[in-house]
>>> print(open('data_35.cif').read())   # mmCIF, C-alpha atoms
data_coords
loop_
_atom_site.label_atom_id
_atom_site.label_comp_id
_atom_site.auth_asym_id
_atom_site.auth_seq_id
_atom_site.Cartn_x
_atom_site.Cartn_y
_atom_site.Cartn_z
CA MET V 286 5.77 18.06 34.83
CA THR V 287 9.37 17.39 33.99
CA SER V 288 10.64 17.06 30.44
CA ARG V 289 11.63 13.46 31.19
CA ARG V 290 8.07 12.62 32.26
CA LEU V 291 6.66 14.25 29.11
CA ARG V 292 9.09 12.27 26.93
CA VAL V 293 8.10 8.99 28.60
CA LEU V 294 4.41 9.76 28.16
CA LEU V 295 4.87 10.58 24.47
CA GLN V 296 6.98 7.48 23.81
CA HIS V 297 4.31 5.21 25.28
CA LEU V 298 1.33 6.58 23.39
CA PRO V 299 -0.50 3.93 21.36
CA PRO V 300 0.46 3.86 17.68
CA GLU V 301 -3.02 4.89 16.55
CA SER V 302 -3.14 7.99 18.77
CA ALA V 303 -3.64 11.38 17.15
CA THR V 304 -0.23 12.60 18.34
CA MET V 305 1.67 9.62 16.90
CA THR V 306 -0.29 9.87 13.65
CA ALA V 307 0.55 13.57 13.36
CA LEU V 308 4.24 12.83 13.95
CA ARG V 309 4.24 10.09 11.31
CA ASN V 310 2.42 12.29 8.81
CA GLU V 311 5.46 14.57 8.89
CA LEU V 312 7.81 11.75 7.81
CA THR V 313 9.26 11.80 4.32
CA ASP V 314 8.77 8.93 1.86
CA GLU V 315 12.35 7.79 2.49
CA GLU V 316 11.83 7.65 6.26
CA LEU V 317 8.59 5.70 5.83
CA ALA V 318 10.31 3.23 3.49
CA GLU V 319 13.20 2.83 5.94
CA GLN V 320 10.81 2.04 8.79
CA ALA V 321 8.95 -0.46 6.61
CA ASP V 322 12.25 -2.15 5.72
CA ARG V 323 13.22 -2.42 9.37
CA GLY V 324 9.88 -4.05 10.16
CA GLU V 325 8.63 -1.67 12.80
CA PRO V 326 4.84 -2.12 12.85
CA GLU V 327 4.50 0.10 15.88
CA LYS V 328 5.54 3.02 13.70
CA GLY V 329 2.80 2.44 11.18
CA ARG V 330 -0.15 4.80 11.09
CA TRP V 331 -2.53 1.96 11.90
CA SER V 332 -2.40 -0.17 14.98
CA GLN V 333 -1.15 -3.73 14.60
CA GLN V 334 -4.73 -5.00 14.94
CA GLU V 335 -5.88 -2.81 12.06
CA GLN V 336 -2.97 -3.99 9.91
CA LEU V 337 -3.84 -7.65 10.63
CA LEU V 338 -7.52 -7.05 9.92
CA ALA V 339 -6.68 -5.45 6.57
CA ALA V 340 -4.43 -8.42 5.71
CA ILE V 341 -7.27 -10.84 6.54
CA ALA V 342 -9.75 -8.84 4.47
CA ASP V 343 -7.34 -8.87 1.51
CA ALA V 344 -6.85 -12.63 1.85
CA VAL V 345 -10.60 -13.28 1.93
CA ARG V 346 -11.17 -11.10 -1.15
CA ASN V 347 -8.37 -12.91 -2.99
CA LEU V 348 -9.83 -16.30 -2.05
CA GLY V 349 -13.20 -15.19 -3.41
CA TYR V 350 -11.55 -14.07 -6.65
CA ILE V 351 -9.68 -17.37 -7.02
CA THR V 352 -12.87 -19.34 -6.33
CA VAL V 353 -14.71 -17.45 -9.08
CA LEU V 354 -11.83 -18.07 -11.52
CA ALA V 355 -11.62 -21.77 -10.65
CA ASN V 356 -15.36 -22.32 -11.09
CA SER V 357 -15.81 -20.39 -14.33
CA ASP V 358 -15.78 -21.99 -17.76
CA GLY V 359 -13.29 -19.44 -19.09
CA LYS V 360 -15.54 -18.33 -21.95
CA GLY V 361 -17.01 -15.25 -20.33
CA ARG V 362 -15.43 -12.05 -19.23
CA LYS V 363 -12.67 -12.56 -16.66
CA PRO V 364 -13.32 -10.67 -13.41
CA THR V 365 -10.79 -8.10 -12.31
CA PRO V 366 -8.64 -9.06 -9.32
CA PRO V 367 -9.50 -7.24 -6.09
CA GLU V 368 -7.35 -4.32 -5.11
CA PRO V 369 -5.79 -4.56 -1.65
CA ILE V 370 -6.97 -2.20 1.04
CA ARG V 371 -4.74 0.86 0.97
CA ARG V 372 -2.33 0.94 3.86
CA PRO V 373 -1.23 4.16 5.55
CA GLY V 374 2.01 5.46 4.18
CA ALA V 375 1.64 3.50 0.95
CA LYS V 376 1.32 5.44 -2.23
CA ALA V 377 -1.56 4.82 -4.61
CA PRO V 378 -0.70 2.39 -7.40
CA ARG V 379 0.37 4.01 -10.64
CA PRO V 380 -2.19 3.77 -13.43
CA LYS V 381 -1.13 1.62 -16.35
CA ALA V 382 0.12 3.67 -19.25
CA ALA V 383 -2.21 3.54 -22.24
CA LEU V 384 -0.71 3.03 -25.68
CA SER V 385 -1.80 5.70 -28.12
CA ASP V 386 -2.71 4.84 -31.71
CA GLU V 387 0.39 6.59 -32.98
CA ALA V 388 2.66 4.73 -30.58
CA ALA V 389 0.97 1.42 -31.41
CA GLU V 390 1.52 2.01 -35.13
CA ARG V 391 5.18 2.86 -34.58
CA LEU V 392 5.66 -0.22 -32.43
CA PHE V 393 3.99 -2.36 -35.08
CA ARG V 394 6.36 -1.00 -37.73
CA LEU V 395 9.40 -1.62 -35.52
CA ILE V 396 8.35 -5.19 -34.78
CA ASN V 397 7.78 -5.94 -38.46
CA GLY V 398 11.27 -4.87 -39.50
CA GLY V 399 10.79 -1.20 -40.20
CA ALA V 400 13.34 1.04 -38.52
CA ALA V 401 11.48 4.29 -39.10
#
>>> encode(input="data_35.cif", output="structure tokens")
Amino acid sequence: MTSRRLRVLLQHLPPESATMTALRNELTDEELAEQADRGEPEKGRWSQQEQLLAAIADAVRNLGYITVLANSDGKGRKPTPPEPIRRPGAKAPRPKAALSDEAAERLFRLINGGAA
């Protein structure tokens, strides 16, 4: 097999193949972000069908959440919004920083005119 033939075979592998996934797993965060900015879905770790299915699932979950909010009386506990399905190459969302008691007290003093 010639090197040209091997290159053509590799270039035409489906995006969800093990070889393409292994190549993409070696990309840096900057390279992944650059590909996302250029809008190249074929370079994603999921196939285009999987990406569309995840988008549909997220939309259905959001519609369910909105329906619950619209039909509630607002007196009870508000449900938490659904988290989107994690996409390949996307980092996990950062947890919200909790405010310690000491920091809350200092903030309270600053808001109420105390500089120390």
>>> closest_residue(input="data_35.cif", among="V:Ala340, V:His297, V:Leu291, V:Ser302", to="V:Glu368", atoms="all atoms listed in the file")
V:Ala340
>>> residues_around(input="data_35.cif", residues="V:Leu354", least_positions_apart="4", cutoff="9 Å", atoms="only C-alpha atoms", output="PyMOL selection string")
chain V and resi 349-350+358-359+363-364
>>> residues_around(input="data_35.cif", residues="V:Ile351", least_positions_apart="3", cutoff="12 Å", atoms="only C-alpha atoms", output="list in words")
Ala344, Val345, Arg346, Asn347, Leu348, Leu354, Ala355, Asn356, Ser357, Lys363, Pro364, Thr365, Pro366 and Pro367 of chain V
>>> atom_distance(input="data_35.cif", atom1="atom CA of V:Gln334", atom2="atom CA of V:Pro369")
16.6 Å
>>> axis_aligned_box(input="data_35.cif", around="stretch 343-348 of chain V", padding_each_side="6 Å", output="JSON")
{"center_x": -9.0, "center_y": -12.6, "center_z": -0.5, "size_x": 16.3, "size_y": 19.4, "size_z": 16.9}
>>> residues_near_point(input="data_35.cif", point="(7.2, 11.9, 13.0)", cutoff="12 Å", atoms="all atoms listed in the file", output="list in words")
Leu295, Gln296, Pro300, Ala303, Thr304, Met305, Thr306, Ala307, Leu308, Arg309, Asn310, Glu311, Leu312, Thr313, Asp314, Glu316, Leu317, Gln320, Lys328, Gly329 and Arg330 of chain V
>>> atom_distance(input="data_35.cif", atom1="atom CA of V:Pro299", atom2="atom CA of V:Ser332")
7.8 Å
>>> atom_distance(input="data_35.cif", atom1="atom CA of V:Glu301", atom2="atom CA of V:Gln333")
9.0 Å
